[in-house]
Amino acid sequence: MSLAEPAALPVATSAAPRLDVMKRFTTRFKASLPAYLLLLPSLIFLALFTYGAMGRVFVDALYQRTTPKAPVRFVGLDNISAVLADPAFTGAVVNNLIYAVGTAVPSIALALLFALALSRTNVVSSALRAALFLPVLIPMVAASALFMFVFLPNVGLLDYYIGRLLPVLPNWLGDGDIALYAIMVITVWKNAGYYMLFFLAGLQAVPEDVMEAAHLDGAGPYMRLRHIILPELKPTFLFVTVIAILNAVTQVDHVFVMTQGGPSNSTNLVLFYIYQQAVEHYDVGKASAATLLTLAALMSLTALSFRTMANREGGP
Amino acid sequence: MTLFSRLFGDAPLATRGEITPKLGFALTVLLAIVWLIPFLWMVVATLRPASNGINAMAELMPSLKPTLDNVRDAWEIGDFPRYTLNTTIICAGILLVQFVTVTLAGFAFARLAFVGKTVIFYLFLMQLMLVPVLLIVPNLSLVAQLGLYDTLTGVMMPFFASAFGTFLMRQAFEAIPTELEDAALIDGASLLQRIRHIYVPLSMPSFSAFAIISVTSHWNDFLWPLMVINSPDKRPLTVGLSVFTKTAEGTQAWGTIAAGTLMVIAPLLVTFLIFQKRFISSFVTSGIK
């Protein structure tokens with residue numbers, strides 16, 4: 001198209017670029033085809049079990065069936081309001097919040113202590129790191145089996161050794177005021193060694209000469225921790241906190257094995273509530289509504305770290 | 001103090017005299033011992049004869065007359081060989097399919113330009129954020145619709161695609177110089193041949209890191225198989241152990257429970273102690289599983 005023929009062929013001028021775009025698109029699509037074929041197997045399973053699953057949660061949350069064989073009935077937001085009005089659910093949310101804070105804070109603090117103490121490379125440190133890491137490897141169910149005996153009234157490990165010092169022996173798992181905290185002990189024991197690894201990795205970024213310079217300027221161990229190490233570890237803290245909170249919602253097998261949410265719902269956590277609704281009460285609508293609420297809460301949490309994660313994985 | 005001076009021998013000279021780091025180290029040693037007590041109890045209780053009575057069960061001093069009766073009882077009561085087989089099938093099945101899916105997808109992200117790359121990248125990233133355990137309810141109904149309820153395939157299927165593995169392989173493939181691929185291209189190697197003979201053999205460390213994470217997490221998975229599996233002979237180790245514990249708890253057979261737990265965790269612990277460095281570095285890269 002040149003300036004010599006201004007607006008002479010309006011149809012042609014508008015059609016030509018469109019054809020061009022279409023053509024360019026098809027050639028680009030054709031060039032992309034091998035990539036799509038390579039991605040297809042993964043995308044099929046993601047579509048079925050991740051996105052499809054999310055879609056089904058949305059839909060199922062809007063329907064209700066009273067018995068497993070009865071036809072489904074559209075109920076709108078009734079399931080959601082029923083879940084929110086269910087004291088068992090709100091109780092589970094409160095328990096889960098206590099559980100999240102009560103497991104994340106001590107396990108992260110311990111992980112930092114372990115990492116600071118064991119960052120040197122020698123045989124003793126690496127043996128201690130391995131010892132602290134062992135609980136990470138074992139299934140939560142196995143940890144529960146061991147701690148069931150630790151907390152066993154009168155003859156268990158805790159009562160046998162430490163219980164003698166107490167005037168009255170508490171029933172660790174049987175007392176509604178204590179059971180949730182007993183459960184939290186297991187989680188801290190199991191996860192501190194995992195978070196330690198991230199702090200160990202983060203500590204490698206702290207330059208040794210800066211530490212030495214700070215010491216020469218008269219900064220003691222606490223000052224160096226506060227002003228050099230902790231600022232350097234800030235990204236690690238954020239990352240570990242997100243994982244710890246995710247774990248507090250998802251890694252709750254010990255509730256299933258040890259307490260079944262009891263005594264009197266004191267250790268009922270959100271995931272166990274969902275399981276109960278789906279498997280024990282066959283109430284898929286309510287289970288989906290509870291899943292939806294939990295997903296929304298967790299997604300808004302992880303959305304905070306979405307950018308960081310995208311960058312960590314190398315960007316699109 | 002000589003012990004300390006040796007342990008802190010590589011600390012900066014100026015800080016070697018400080019007390020606080022040593023107190024922290026001592027506290028960590030103490031806690032590491034506490035951390036090991038449940039494991040110690042498990043081994044001691046496994047070897048303790050039942051005749052010692054329930055009151056001696058918590059004693060951490062090993063019995064003078066160790067016995068393997070508990071191991072035999074656990075072996076007979078629980079169907080551990082079958083559970084181990086099921087768990088092995090589940091872990092191996094998931095891993096084999098994952099190897100294919102993550103290699104192909106990882107290669108697409110690492111080396112190919114395609115329309116919608118950004119969108120698809122975020123689609124994968126979403127899976128990293130959505131913890132699969134939370135989707136048990138919809139996934140259970142899908143597995144049932146597919147006719148896979150109460151099958152090991154049903155247990156495996158949701159994990160066949162892995163965003164974590166895809167990104168891990170992408171990173172590994174990006175580090176491989178393109179010159180190698182160009183040489184193969186000139187020799188007329190097809191896309192799949194190039195992946196198979198150039199990219200895969202050069203990325204073995206990443207594959208093994210991924211295998212460690214994948215196998216440990218599915219070896220330990222409990223809730224999902226608990227929901228999918230109904231027949232006792234299809235239970236994996238974790239579900240089997242929980243049922244076994246429940247049965248043995250009723251009879252206060254704590255020695256047997258300890259023996260059963262030991263059998264379930266021994267394979268992983270032994271592998272870890274042999275390949276300690278590999279495990280640790282894989283878990284660091286794992287972050288969100």
# chains A, B, ... in the order shown; residues from 1 in each chain; ligands from 1
call {"tool": "residues_around", "arguments": {"residues": "segment 45-53 of chain B", "least_positions_apart": "4", "cutoff": "10 Å", "atoms": "only C-alpha atoms", "output": "CSV table (one decimal) with C-alpha atoms, in the first residue's frame"}}
result
chain,number,residue,atom,x,y,z
B,39,PHE,CA,12.5,-42.9,68.0
B,40,LEU,CA,14.6,-44.3,70.9
B,41,TRP,CA,11.4,-45.4,72.7
B,57,MET,CA,6.7,-49.9,78.9
B,58,ALA,CA,8.0,-46.3,79.1
B,59,GLU,CA,11.4,-47.3,80.4
B,60,LEU,CA,14.0,-46.0,77.9
B,61,MET,CA,16.7,-48.4,79.2
B,62,PRO,CA,16.7,-51.4,76.9
B,63,SER,CA,15.5,-54.6,78.3
B,64,LEU,CA,18.3,-57.1,79.2
B,65,LYS,CA,16.4,-59.9,77.4
B,66,PRO,CA,15.6,-58.4,74.0
B,67,THR,CA,13.1,-60.3,71.9
B,68,LEU,CA,11.7,-60.1,68.4
B,69,ASP,CA,8.2,-61.3,69.6
B,70,ASN,CA,6.7,-57.9,69.0
B,71,VAL,CA,8.0,-57.8,65.4
B,74,ALA,CA,3.0,-57.0,64.3
B,253,ALA,CA,-0.1,-53.9,73.0
B,254,TRP,CA,2.3,-51.0,72.8
B,255,GLY,CA,5.3,-53.1,72.0
B,256,THR,CA,3.5,-54.4,68.9
B,257,ILE,CA,2.5,-50.8,67.9
B,258,ALA,CA,6.1,-49.7,68.2
B,259,ALA,CA,7.2,-52.7,66.1
B,260,GLY,CA,4.6,-51.9,63.4
B,261,THR,CA,5.6,-48.2,63.4
B,262,LEU,CA,9.2,-49.2,63.0
call {"tool": "closest_atom_pairs", "arguments": {"of": "segment 92-175 of chain B", "to": "segment 238-253 of chain A", "cutoff": "10 Å", "atoms": "only C-alpha atoms", "output": "tab-separated table"}}
result
residue	atom	partner	partner_atom	distance
B:Met129	CA	A:Leu246	CA	9.4
B:Leu130	CA	A:Leu246	CA	9.7
B:Val131	CA	A:Thr250	CA	7.5
B:Pro132	CA	A:Thr250	CA	8.9
B:Val133	CA	A:Thr250	CA	6.3
B:Leu134	CA	A:Thr250	CA	7.0
call {"tool": "residues_around", "arguments": {"residues": "segment 276-286 of chain A", "least_positions_apart": "5", "cutoff": "8 Å", "atoms": "only C-alpha atoms", "output": "PDB file with C-alpha atoms, in the first residue's frame"}}
result
ATOM      1  CA  ASP A  60     -21.380 -28.651  44.456  1.00  0.00           C
ATOM      2  CA  ALA A  61     -21.506 -25.886  47.031  1.00  0.00           C
ATOM      3  CA  LEU A  62     -24.692 -24.598  45.367  1.00  0.00           C
ATOM      4  CA  TYR A  63     -26.564 -27.898  45.465  1.00  0.00           C
ATOM      5  CA  GLN A  64     -27.869 -30.145  48.157  1.00  0.00           C
ATOM      6  CA  ARG A  65     -28.965 -33.732  48.395  1.00  0.00           C
ATOM      7  CA  THR A  66     -30.584 -34.958  51.556  1.00  0.00           C
ATOM      8  CA  THR A  67     -29.735 -38.646  51.170  1.00  0.00           C
ATOM      9  CA  PRO A  68     -27.044 -40.244  48.986  1.00  0.00           C
ATOM     10  CA  ASN A  79     -24.902 -24.398  52.064  1.00  0.00           C
ATOM     11  CA  ILE A  80     -22.483 -21.567  52.738  1.00  0.00           C
ATOM     12  CA  ALA A  82     -25.468 -23.338  56.843  1.00  0.00           C
ATOM     13  CA  VAL A  83     -21.727 -23.936  57.235  1.00  0.00           C
TER      14      VAL A  83
ATOM     15  CA  VAL B 137     -14.087 -33.888  48.151  1.00  0.00           C
ATOM     16  CA  MET B 227     -10.916 -41.798  51.323  1.00  0.00           C
TER      17      MET B 227
END
call {"tool": "atom_distance", "arguments": {"atom1": "atom CA of Ala287 of chain A", "atom2": "atom CA of Asn95 of chain A"}}
result
17.9 Å
call {"tool": "atom_distance", "arguments": {"atom1": "atom CA of Phe58 of chain A", "atom2": "atom CA of Gly116 of chain B"}}
result
25.9 Å
call {"tool": "select_by_dssp", "arguments": {"residues": "segment 100-272 of chain B", "states": "helix (DSSP H, G or I)", "output": "ChimeraX atom specification"}}
result
/B:100-111,117-129,132-145,152-159,163-174,178-186,191-202,204-219,223-228,232-234,237-250,254-272
call {"tool": "write_last_selection", "arguments": {"atoms": "C-alpha atoms", "output": "compact mmCIF listing (two decimals), in the first residue's frame"}}
result
# COMPACT_ATOMS: atom_id res chain seq x y z
CA VAL B 100 6.92 -38.43 31.53
CA THR B 101 4.61 -35.48 32.19
CA VAL B 102 7.18 -33.23 33.89
CA THR B 103 9.90 -33.96 31.32
CA LEU B 104 7.67 -33.04 28.39
CA ALA B 105 6.14 -29.98 30.04
CA GLY B 106 9.46 -28.87 31.52
CA PHE B 107 11.03 -29.02 28.07
CA ALA B 108 8.21 -26.99 26.53
CA PHE B 109 8.74 -24.24 29.10
CA ALA B 110 12.52 -24.35 28.90
CA ARG B 111 13.14 -24.42 25.16
CA LYS B 117 3.09 -19.23 27.42
CA THR B 118 2.40 -16.72 30.18
CA VAL B 119 -1.15 -17.96 30.71
CA ILE B 120 -0.08 -21.60 30.81
CA PHE B 121 2.80 -20.76 33.14
CA TYR B 122 0.34 -19.24 35.61
CA LEU B 123 -2.00 -22.22 35.19
CA PHE B 124 0.84 -24.45 36.36
CA LEU B 125 1.82 -22.06 39.12
CA MET B 126 -1.74 -22.21 40.44
CA GLN B 127 -1.26 -25.88 41.23
CA LEU B 128 1.68 -25.00 43.46
CA MET B 129 -0.59 -22.73 45.47
CA PRO B 132 -4.20 -30.84 46.67
CA VAL B 133 -5.39 -32.17 50.04
CA LEU B 134 -8.04 -29.49 50.11
CA LEU B 135 -9.60 -30.79 46.91
CA ILE B 136 -10.31 -34.26 48.33
CA VAL B 137 -14.09 -33.89 48.15
CA PRO B 138 -14.47 -32.99 44.45
CA ASN B 139 -11.64 -35.31 43.46
CA LEU B 140 -13.23 -38.21 45.29
CA SER B 141 -16.46 -37.77 43.32
CA LEU B 142 -14.49 -37.55 40.06
CA VAL B 143 -12.53 -40.70 40.87
CA ALA B 144 -15.82 -42.45 41.65
CA GLN B 145 -17.34 -41.26 38.35
CA LEU B 152 -4.77 -47.94 43.46
CA THR B 153 -5.02 -46.07 40.14
CA GLY B 154 -7.61 -43.83 41.77
CA VAL B 155 -5.13 -43.05 44.54
CA MET B 156 -2.41 -42.21 42.03
CA MET B 157 -4.29 -40.21 39.42
CA PRO B 158 -4.56 -36.73 41.00
CA PHE B 159 -0.75 -36.58 41.26
CA ALA B 163 3.86 -28.21 38.66
CA PHE B 164 6.75 -28.51 41.10
CA GLY B 165 8.39 -31.19 38.94
CA THR B 166 7.72 -29.24 35.77
CA PHE B 167 9.47 -26.14 37.11
CA LEU B 168 12.32 -28.22 38.48
CA MET B 169 12.92 -29.87 35.10
CA ARG B 170 12.54 -26.57 33.31
CA GLN B 171 15.34 -25.16 35.42
CA ALA B 172 17.53 -28.19 34.73
CA PHE B 173 16.89 -28.10 30.98
CA GLU B 174 17.57 -24.37 30.74
CA THR B 178 21.87 -25.31 23.23
CA GLU B 179 24.95 -26.21 21.18
CA LEU B 180 24.49 -29.84 22.20
CA GLU B 181 20.95 -29.82 20.89
CA ASP B 182 21.99 -28.04 17.68
CA ALA B 183 24.52 -30.76 16.98
CA ALA B 184 21.83 -33.42 17.33
CA LEU B 185 19.47 -31.32 15.23
CA ILE B 186 21.99 -31.31 12.37
CA LEU B 191 12.25 -33.49 19.15
CA LEU B 192 11.52 -36.52 21.29
CA GLN B 193 14.88 -38.06 20.44
CA ARG B 194 16.64 -34.87 21.51
CA ILE B 195 14.76 -34.86 24.80
CA ARG B 196 15.39 -38.54 25.38
CA HIS B 197 19.08 -38.63 24.47
CA ILE B 198 20.37 -35.18 25.38
CA TYR B 199 18.17 -33.46 27.96
CA VAL B 200 17.17 -36.41 30.13
CA PRO B 201 20.62 -37.98 30.62
CA LEU B 202 22.11 -34.59 31.52
CA MET B 204 19.72 -36.91 36.33
CA PRO B 205 20.45 -34.94 39.54
CA SER B 206 17.19 -33.05 39.12
CA PHE B 207 15.29 -36.25 38.41
CA SER B 208 16.65 -37.84 41.57
CA ALA B 209 15.81 -34.73 43.62
CA PHE B 210 12.29 -34.85 42.27
CA ALA B 211 12.03 -38.59 42.90
CA ILE B 212 13.02 -38.13 46.55
CA ILE B 213 10.36 -35.47 47.13
CA SER B 214 7.67 -37.33 45.21
CA VAL B 215 8.25 -40.70 46.86
CA THR B 216 8.51 -39.37 50.42
CA SER B 217 5.37 -37.30 50.11
CA HIS B 218 3.29 -40.11 48.61
CA TRP B 219 4.78 -42.73 50.92
CA LEU B 223 -6.02 -38.78 53.98
CA TRP B 224 -6.45 -39.23 50.24
CA PRO B 225 -5.88 -43.04 50.20
CA LEU B 226 -8.05 -43.29 53.32
CA MET B 227 -10.92 -41.80 51.32
CA VAL B 228 -10.37 -43.66 48.06
CA PRO B 232 -8.44 -53.92 53.40
CA ASP B 233 -6.11 -55.59 50.89
CA LYS B 234 -5.64 -52.34 48.96
CA LEU B 237 1.13 -48.49 54.73
CA THR B 238 -0.19 -45.32 56.36
CA VAL B 239 -3.83 -46.40 56.32
CA GLY B 240 -2.84 -49.92 57.32
CA LEU B 241 -0.79 -48.59 60.23
CA SER B 242 -3.66 -46.45 61.49
CA VAL B 243 -6.05 -49.42 61.47
CA PHE B 244 -3.39 -51.63 63.05
CA THR B 245 -2.73 -49.04 65.78
CA LYS B 246 -6.41 -48.82 66.55
CA THR B 247 -6.68 -52.60 66.96
CA ALA B 248 -3.53 -52.95 69.05
CA GLU B 249 -4.37 -49.94 71.23
CA GLY B 250 -7.46 -51.75 72.46
CA TRP B 254 2.32 -50.97 72.84
CA GLY B 255 5.31 -53.13 71.99
CA THR B 256 3.47 -54.36 68.91
CA ILE B 257 2.49 -50.81 67.93
CA ALA B 258 6.12 -49.73 68.24
CA ALA B 259 7.18 -52.68 66.08
CA GLY B 260 4.55 -51.87 63.44
CA THR B 261 5.57 -48.21 63.36
CA LEU B 262 9.21 -49.22 63.04
CA MET B 263 8.40 -51.42 60.05
CA VAL B 264 6.53 -48.60 58.34
CA ILE B 265 9.19 -45.93 58.74
CA ALA B 266 12.33 -48.09 58.49
CA PRO B 267 12.59 -48.04 54.66
CA LEU B 268 12.52 -44.25 54.51
CA LEU B 269 14.84 -43.76 57.47
CA VAL B 270 17.43 -46.20 56.13
CA THR B 271 17.35 -44.60 52.68
CA PHE B 272 17.69 -41.18 54.29
call {"tool": "closest_residue", "arguments": {"among": "A:Gly176, A:Pro87, A:Pro170, A:Gly193", "to": "chain B", "atoms": "only C-alpha atoms"}}
result
A:Gly193
call {"tool": "closest_atom_pairs", "arguments": {"of": "segment 143-199 of chain A", "to": "segment 104-107 of chain A", "cutoff": "9 Å", "atoms": "only C-alpha atoms", "output": "JSON lines"}}
result
{"residue": "A:Thr187", "atom": "CA", "partner": "A:Ser107", "partner_atom": "CA", "distance": 8.2}
{"residue": "A:Val188", "atom": "CA", "partner": "A:Ser107", "partner_atom": "CA", "distance": 5.0}
{"residue": "A:Trp189", "atom": "CA", "partner": "A:Ser107", "partner_atom": "CA", "distance": 7.7}
{"residue": "A:Lys190", "atom": "CA", "partner": "A:Ser107", "partner_atom": "CA", "distance": 8.9}
{"residue": "A:Asn191", "atom": "CA", "partner": "A:Ser107", "partner_atom": "CA", "distance": 6.5}
{"residue": "A:Ala192", "atom": "CA", "partner": "A:Ser107", "partner_atom": "CA", "distance": 4.6}
{"residue": "A:Gly193", "atom": "CA", "partner": "A:Ser107", "partner_atom": "CA", "distance": 8.3}
{"residue": "A:Tyr195", "atom": "CA", "partner": "A:Ser107", "partner_atom": "CA", "distance": 7.6}
{"residue": "A:Met196", "atom": "CA", "partner": "A:Ser107", "partner_atom": "CA", "distance": 8.9}
call {"tool": "write_last_selection", "arguments": {"atoms": "C-alpha atoms", "output": "PDB file, in the first residue's frame"}}
result
ATOM      1  CA  THR A 187       3.369 -30.751  64.731  1.00  0.00           C
ATOM      2  CA  VAL A 188       6.219 -28.662  66.151  1.00  0.00           C
ATOM      3  CA  TRP A 189       8.289 -31.808  66.660  1.00  0.00           C
ATOM      4  CA  LYS A 190       7.624 -32.893  63.101  1.00  0.00           C
ATOM      5  CA  ASN A 191       8.099 -29.596  61.261  1.00  0.00           C
ATOM      6  CA  ALA A 192      10.866 -27.650  63.028  1.00  0.00           C
ATOM      7  CA  GLY A 193      13.550 -29.707  61.270  1.00  0.00           C
ATOM      8  CA  TYR A 195      11.913 -25.231  58.372  1.00  0.00           C
ATOM      9  CA  MET A 196      15.479 -25.444  59.721  1.00  0.00           C
TER      10      MET A 196
END
